[in-house]
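Working notes, structure below.
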Amino acid sequence: MHDMSAQAHVAHHAPPTSFIRKHIFSIDHKVIGKQYYGLALVAVFVGMVLSWLMRLHLGWTNLAIPGLHWLSSTGAPGNVMTPEYYLQLMTMHGTIMVFFVLTTAPFAAFGNFFLPIQVGAEDMPFPRFNMMSFWVTLVAFLVMISSFFVSDGPTLGGWTQYAPLSAVGSVAGPGQGMGVILWASSIAIFCIGQLLGSLNFITTTLDMRTKGMSLWRLPLSTWGWFITSVMGLTAFAVLMPACILLILDHVAGTSFFVASNLVLNDQLQPHAGGSTLLWQHLFWFFGHPEVYIAIVPGMGIVSHVLTVNMRRPMLSHRVLVYSMGALAVLSYMVYGHHMFVSGMNPISSIVFSFPTLIITIPSTIIVLIWLGSLYGSRLRINSASLFALGMISMFISGGVSGFFLAQPSLDIMLHATYFVVGHFHLVMAVAAIFGIFSGTYFWFPKMFGRMMDERLGKIHFWLTFVGAYCIFMPFHYAGLAGNVRRYQAFVDDYLQPLIPLHRFITVAALATGAAQFIFLYNLIHSRYWGEKAPDNPWQATSLEWATPTTPPPYDNFGGKLPVVYHDPYQYGIEGSTGDYVMQNSPEKIQSVGEEA
Amino acid sequence: MATTVHEPPRIEQQPQPRGVLDSGGGRGNQIPPQGSTRAVQYAPPPASTGIWVGIAAIAMTFAALTSALIVRRGGAADWRHFTIPSILYFNTILLIASSVTLEISRRRVADFMSNAQPKLTNPVRWLHLTLGLGFLFVIGQYIAWRQLSAQGVYLASNPNSSFFYVLTAAHALHVLGGLGGLIRVIRKFGNFSLRRSTLDATSRYWHFMDVLWIYLLLLMWAKL
């Protein structure tokens with residue numbers, strides 16, 4: 001298909017032959033990427049079932065959910081959820097989704113599989129670290145899940161684990177003893193895995209690019225993963241010591257996060273002088289970049305998918321990259337906006353408010369580039385491009401509410417209401433998940449050598465798209481009506497009229513969740529019985545479509561590294577193979593703007 | 001102590017591709033002449049970039065602990081100054097000395113590999129010395145903890161001691177990682193498979209441990 005005569009030769013690596021080295025303890029970045037994807041898939045269904053249980057309880061508080069007592073006899077006696085157990089499920093839902101889905105799928109799974117191929121490398125430079133990063137993450141997941149099976153269940157402190165209640169032990173409630181220790185241990189282990197992954201991503205991008213692959217020739221998806229890995233390196237390096245200090249407050253009797261003279265359940269706590277705000281500072285220094293760790297890979301994936309389907313490059317490749325970089329830098333300066341009502345000095349609130357409003361500028365630029373590029377394009381409508389459009393839609397809808405929350409005067413009223421829950425679910429969670437879906441439909445043929453069912457993909461999109469709005473838009477109205485988040489039941493008079501709204505949300509959540517089984521069926525069915533995929537089914541230009549076989553061979557390029565001649569998105573031109581020229585094709589491009 | 005003069009294989013130095021945004025690829029692979037089947041050695045020193053990335057992550061971890069210390073100290077009524085054990089100053093000398101011995105070893109190997117020195121004169125002796133000094137440092141830290149606990153100062157005694165133990169233990173763990181790296185270097189040196197970039201990266205990490213320790217010592221001296 002393209003001229004390989006000028007390819008640089010490299011030593012060919014013999015693939016492993018034993019089942020264990022090939023599929024389980026593999027050092028191949030592609031297998032590790034699939035393992036991360038599998039982990040995220042398991043995690044997302046666990047998280048989704050937890051959200052179903054929560055929503056059922058919110059809609060019908062005394063509803064007996066058949067079989068629930070099997071999960072916890074004390075948390076659900078007679079299959080009816082206790083208030084504490086509601087909070088425990090909510091905490092685990094948030095934790096599992098943020099860490100084991102939104103971080104692992106778009107960043108670790110797709111990044112592992114495609115970043116080395118897109119830069120033209122045969123693997124990552126530290127493949128054993130890469131293998132360790134997955135297995136460490138799996139251990140973290142198992143430790144987190146194990147907290148369901150300890151005597152008083154998982155922690156109920158929310159995914160943010162605010163001190164002092166997270167640091168004083170079981171006196172603060174069920175799960176606040178061993179549950180918190182397991183939570184903090186799991187997250188600390190998870191941090192190690194992500195640090196090892198980030199180390200590989202950064203080094204691969206900087207050192208392993210093939211001949212001709214300058215940084216500006218990297219596809220936007222690679223830029224997304226690279227920028228995310230820089231954020232991950234600095235953010236997880238802060239969360240890990242924070243978790244260790246939290247564990248020490250539990251097991252060693254230290255007082256990092258617990259203030260003096262704290263009385264809980266009529267018991268004076270044996271701690272002194274700690275700072276409850278210290279945990280929030282450390283947590284949110286990680287927590288806000290984490291929001292961008294979840295969404296920036298999705299931005300890269302969506303930009304990549306849209307460009308291929310628009311058959312023309314983005315309005316400005318460079319401005320898009322600079323904007324993603326600006327998001328990364330600014331994400332460290334805005335974390336205090338999570339703490340406007342924490343008792344922090346009000347002047348600090350103003351200081352944090354300013355960059356929070358500033359960060360909307362690169363976000364807006366990115367959205368405008370997407371919309372401007374889409375305008376007038378003849379977008380190919382397929383499952384991948386539909387989910388890419390859906391991601392943009394969710395990001396805008398969720399982002400607009402961010403303007404309100406960025407201002408301390410408004411946030412005082414809206415903080416800890418369903419308005420915030422609606423905001424972050426749309427802008428970060430659902431948008432990122434749409435990015436994952438887009439990436440899945442787009443790259444599945446390369447990952448597994450088979451096409452996914454487009455018809456099922458489109459049905460999946462429309463059900464998910466409509467369903468997500470039905471779930472999360474009403475959250476905003478409930479929040480404006482003063483509906484406080486984390487309540488397990490709405491017993492106050494002013495909340496009673498909102499119960500029908502919550503029942504509607506519950507039905508929408510159940511239906512949207514059920515629609516995900518269409519995706520799961522499509523995934524599994526296509527994996528084994530899907531139509532065989534050609535090497536380059538989307539007529540795309542980047543290097544993942546230039547591998548000699550599909551799926552790519554063990555060393556990605558069959559012993560010959562590609563040489564890169566062009567920018568990543570040469571579409572809408574007259575190439576020898578169609579309206580595009582691949583990055584590794586030495587043919588001359590006649591049209592203007594080849595080396596923009 | 002080994003007396004054999006090792007002569008590790010000479011490692012071909014690859015041209016360093018160091019472009020920034022518009023460079024022609026990270027590794028600067030050379031296209032072989034037409035018809036050549038010679039495999040171009042593609043291995044650039046990712047260890048070099050990798051170690052800087054690792055150092056950045058470790059620096060962030062200790063920056064977080066430093067900010068925690070400052071926040072915890074601010075307005076804390078229970079902050080009780082205590083004198084850090086004097087053996088720490090001796091340990092500091094040991095660690096600095098280990099950096100010196102490692103640098104001597106690294107330079108000797110580097111000179112040999114770049115043909116500046118025709119013979120390699122016992123770099124392994126200096127590596128062993130570095131390893132010994134490193135272990136002595138960790139033992140010295142352990143003695144400091146024992147001295148403090150003998151005085152009744154434990155992890156949970158007061159916030160100062162909490163931070164003292166956390167900072168020194170976190171640093172000692174990283175030093176142990178460095179010792180593991182040094183053992184790996186010595187083993188690779190023994191079987192002639194040591195890469196220059198591995199030695200450079202290990203020594204860079206070790207020197208960072210040195211700088212980090214001096215920083216922590218100053219921090220503890222000034223703030224605890």
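Labeling convention for the structure tokens: chains A, B, ... as they appear, residues from 1 per chain, ligands from 1 in order of appearance.
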
Residues of chain A within 7 Å of chain B, only C-alpha atoms counted, as a VMD selection string: chain A and resid 8 to 11 125 199 203 206 to 216 233 to 234 237 to 238 241 252 to 256 273 to 275 278

Export N, CA and C atoms of the chosen residues as a JSON list (two decimals), in the first residue's frame?
```json
[["chain", "number", "residue", "atom", "x", "y", "z"],
["A", 8, "ALA", "N", 13.51, 2.33, 8.22],
["A", 8, "ALA", "CA", 14.71, 2.03, 8.98],
["A", 8, "ALA", "C", 14.60, 0.62, 9.54],
["A", 9, "HIS", "N", 15.70, -0.11, 9.44],
["A", 9, "HIS", "CA", 15.68, -1.48, 9.95],
["A", 9, "HIS", "C", 15.94, -1.47, 11.44],
["A", 10, "VAL", "N", 15.29, -2.34, 12.13],
["A", 10, "VAL", "CA", 15.62, -2.51, 13.54],
["A", 10, "VAL", "C", 15.70, -4.00, 13.83],
["A", 11, "ALA", "N", 16.36, -4.28, 14.92],
["A", 11, "ALA", "CA", 16.46, -5.68, 15.32],
["A", 11, "ALA", "C", 15.06, -6.22, 15.60],
["A", 125, "PRO", "N", 10.03, 2.00, 26.44],
["A", 125, "PRO", "CA", 11.43, 1.77, 26.81],
["A", 125, "PRO", "C", 11.59, 0.91, 28.07],
["A", 199, "LEU", "N", 5.80, 7.38, 33.64],
["A", 199, "LEU", "CA", 7.23, 7.35, 33.34],
["A", 199, "LEU", "C", 7.44, 6.78, 31.93],
["A", 203, "THR", "N", 8.67, 8.97, 28.55],
["A", 203, "THR", "CA", 9.93, 8.56, 27.94],
["A", 203, "THR", "C", 9.72, 8.07, 26.51],
["A", 206, "LEU", "N", 9.20, 11.13, 24.28],
["A", 206, "LEU", "CA", 10.38, 11.96, 24.07],
["A", 206, "LEU", "C", 11.51, 11.22, 23.36],
["A", 207, "ASP", "N", 11.68, 9.94, 23.69],
["A", 207, "ASP", "CA", 12.88, 9.24, 23.23],
["A", 207, "ASP", "C", 12.67, 8.20, 22.15],
["A", 208, "MET", "N", 11.46, 7.71, 22.00],
["A", 208, "MET", "CA", 11.27, 6.55, 21.13],
["A", 208, "MET", "C", 10.63, 6.90, 19.79],
["A", 209, "ARG", "N", 10.49, 8.20, 19.50],
["A", 209, "ARG", "CA", 9.89, 8.56, 18.22],
["A", 209, "ARG", "C", 10.79, 8.12, 17.07],
["A", 210, "THR", "N", 10.16, 7.66, 16.03],
["A", 210, "THR", "CA", 10.93, 7.15, 14.91],
["A", 210, "THR", "C", 11.48, 8.30, 14.06],
["A", 211, "LYS", "N", 12.30, 7.94, 13.11],
["A", 211, "LYS", "CA", 12.91, 8.94, 12.24],
["A", 211, "LYS", "C", 11.83, 9.79, 11.57],
["A", 212, "GLY", "N", 11.98, 11.08, 11.68],
["A", 212, "GLY", "CA", 11.04, 11.98, 11.02],
["A", 212, "GLY", "C", 9.84, 12.37, 11.88],
["A", 213, "MET", "N", 9.65, 11.68, 13.01],
["A", 213, "MET", "CA", 8.48, 11.97, 13.83],
["A", 213, "MET", "C", 8.84, 13.09, 14.83],
["A", 214, "SER", "N", 8.76, 14.32, 14.35],
["A", 214, "SER", "CA", 8.99, 15.44, 15.26],
["A", 214, "SER", "C", 7.77, 15.58, 16.16],
["A", 215, "LEU", "N", 7.93, 16.34, 17.22],
["A", 215, "LEU", "CA", 6.82, 16.47, 18.17],
["A", 215, "LEU", "C", 5.57, 17.03, 17.49],
["A", 216, "TRP", "N", 5.76, 17.95, 16.54],
["A", 216, "TRP", "CA", 4.59, 18.51, 15.87],
["A", 216, "TRP", "C", 3.93, 17.54, 14.91],
["A", 233, "LEU", "N", 2.10, 12.24, 36.51],
["A", 233, "LEU", "CA", 3.36, 12.12, 37.24],
["A", 233, "LEU", "C", 3.37, 13.02, 38.47],
["A", 234, "THR", "N", 2.91, 14.25, 38.29],
["A", 234, "THR", "CA", 2.97, 15.19, 39.40],
["A", 234, "THR", "C", 1.79, 15.04, 40.35],
["A", 237, "ALA", "N", 2.02, 11.67, 42.43],
["A", 237, "ALA", "CA", 3.15, 11.75, 43.36],
["A", 237, "ALA", "C", 2.78, 12.52, 44.62],
["A", 238, "VAL", "N", 1.72, 13.30, 44.57],
["A", 238, "VAL", "CA", 1.25, 14.04, 45.75],
["A", 238, "VAL", "C", 0.19, 13.23, 46.50],
["A", 241, "PRO", "N", 1.78, 10.21, 49.03],
["A", 241, "PRO", "CA", 2.16, 10.51, 50.42],
["A", 241, "PRO", "C", 0.96, 10.93, 51.27],
["A", 252, "ALA", "N", -0.97, 4.35, 63.28],
["A", 252, "ALA", "CA", 0.19, 4.70, 64.12],
["A", 252, "ALA", "C", -0.15, 5.76, 65.16],
["A", 253, "GLY", "N", -1.36, 6.26, 65.13],
["A", 253, "GLY", "CA", -1.75, 7.24, 66.14],
["A", 253, "GLY", "C", -1.20, 8.63, 65.92],
["A", 254, "THR", "N", -0.74, 8.91, 64.72],
["A", 254, "THR", "CA", -0.25, 10.27, 64.44],
["A", 254, "THR", "C", -1.44, 11.23, 64.31],
["A", 255, "SER", "N", -1.14, 12.52, 64.22],
["A", 255, "SER", "CA", -2.22, 13.52, 64.12],
["A", 255, "SER", "C", -1.94, 14.48, 62.98],
["A", 256, "PHE", "N", -1.88, 13.96, 61.79],
["A", 256, "PHE", "CA", -1.66, 14.85, 60.65],
["A", 256, "PHE", "C", -2.95, 15.61, 60.30],
["A", 273, "GLY", "N", -3.93, 18.64, 67.41],
["A", 273, "GLY", "CA", -3.21, 19.64, 66.62],
["A", 273, "GLY", "C", -3.19, 19.44, 65.11],
["A", 274, "GLY", "N", -3.84, 18.42, 64.59],
["A", 274, "GLY", "CA", -3.77, 18.19, 63.15],
["A", 274, "GLY", "C", -4.59, 19.21, 62.37],
["A", 275, "SER", "N", -4.36, 19.23, 61.07],
["A", 275, "SER", "CA", -5.06, 20.19, 60.22],
["A", 275, "SER", "C", -6.03, 19.46, 59.31],
["A", 278, "LEU", "N", -5.51, 20.36, 55.73],
["A", 278, "LEU", "CA", -4.31, 19.84, 55.08],
["A", 278, "LEU", "C", -4.67, 18.71, 54.11]]
```

Fewer than 5 positions away in the same chain doesn't count, so skip those; otherwise give me all residues within 7 Å of region 133-143 of chain B, counting only C-alpha atoms, as an MDAnalysis selection string. chainID B and resid 87:88 91 94:95 98 172 179

Write a file of the selected residues as a tab-separated table (two decimals), in the first residue's frame, keeping C-alpha atoms.
```
chain	number	residue	atom	x	y	z
B	87	ILE	CA	24.53	10.95	64.05
B	88	LEU	CA	22.60	12.41	61.11
B	91	ASN	CA	25.41	10.01	57.99
B	94	LEU	CA	28.82	9.18	54.48
B	95	LEU	CA	26.26	9.95	51.78
B	98	SER	CA	29.36	7.85	48.49
B	172	ALA	CA	15.72	5.77	53.30
B	179	LEU	CA	21.30	0.58	46.44
```

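Distances here use only C-alpha atoms; by that measure, the residue among A:Ser221, A:Thr512, A:Asn265, A:Asn483 closest to Ile499 (chain A) is A:Asn483.
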
Please identify all polymer residues within 8 Å of region 466-472 of chain A, counting only C-alpha atoms, omitting same-chain residues fewer than 3 positions from it, and present them as a PDB file with C-alpha atoms, in the first residue's frame.
```pdb
ATOM      1  CA  GLY A 422     -24.670  17.212  37.346  1.00  0.00           C
ATOM      2  CA  HIS A 425     -20.803  14.008  35.696  1.00  0.00           C
ATOM      3  CA  LEU A 426     -21.371  15.691  32.347  1.00  0.00           C
ATOM      4  CA  VAL A 430     -19.828  11.166  30.741  1.00  0.00           C
ATOM      5  CA  TRP A 462     -28.513   7.296  20.637  1.00  0.00           C
ATOM      6  CA  LEU A 463     -29.723   5.441  23.712  1.00  0.00           C
ATOM      7  CA  PHE A 475     -29.524  17.088  38.461  1.00  0.00           C
ATOM      8  CA  HIS A 476     -28.936  20.762  37.706  1.00  0.00           C
ATOM      9  CA  ILE A 505     -33.679   9.979  36.892  1.00  0.00           C
ATOM     10  CA  THR A 506     -33.636   6.461  38.344  1.00  0.00           C
ATOM     11  CA  ALA A 508     -33.364   6.871  32.991  1.00  0.00           C
ATOM     12  CA  ALA A 509     -30.277   5.498  34.761  1.00  0.00           C
ATOM     13  CA  ALA A 511     -32.489   2.259  30.933  1.00  0.00           C
ATOM     14  CA  THR A 512     -29.189   3.907  29.982  1.00  0.00           C
TER      15      THR A 512
END
```

Could you list, as a list in words, every residue within 7 Å of Ala384 (chain A), counting only C-alpha atoms and ignoring same-chain residues fewer than 5 positions away? Val305, Ser438, Gly439, Tyr441 and Phe442 of chain A

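Nearest to Arg485 (chain A) of all the residues A:Asn536, A:Thr417, A:Ser26, A:Ser303 is A:Thr417, counting only C-alpha atoms.
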
Please provide as a PyMOL selection string all residues within 9 Å of region 445-461 of chain A, with the sequence filter that same-chain residues fewer than 3 positions apart are discarded (counting only C-alpha atoms). chain A and resi 30+34+113+382-384+386-387+390+434+437+440-442+464-466+515-519+522-523+525-537+544-545+549-552

Can you tell me which residues surround Ile358 (chain A) at a distance of at most 12 Å, considering only C-alpha atoms, apart from same-chain residues fewer than 3 positions away, and format the answer as number ranges by chain? A: 323, 326-327, 329-331, 333-334, 351-355, 361-365, 402-403, 406-407
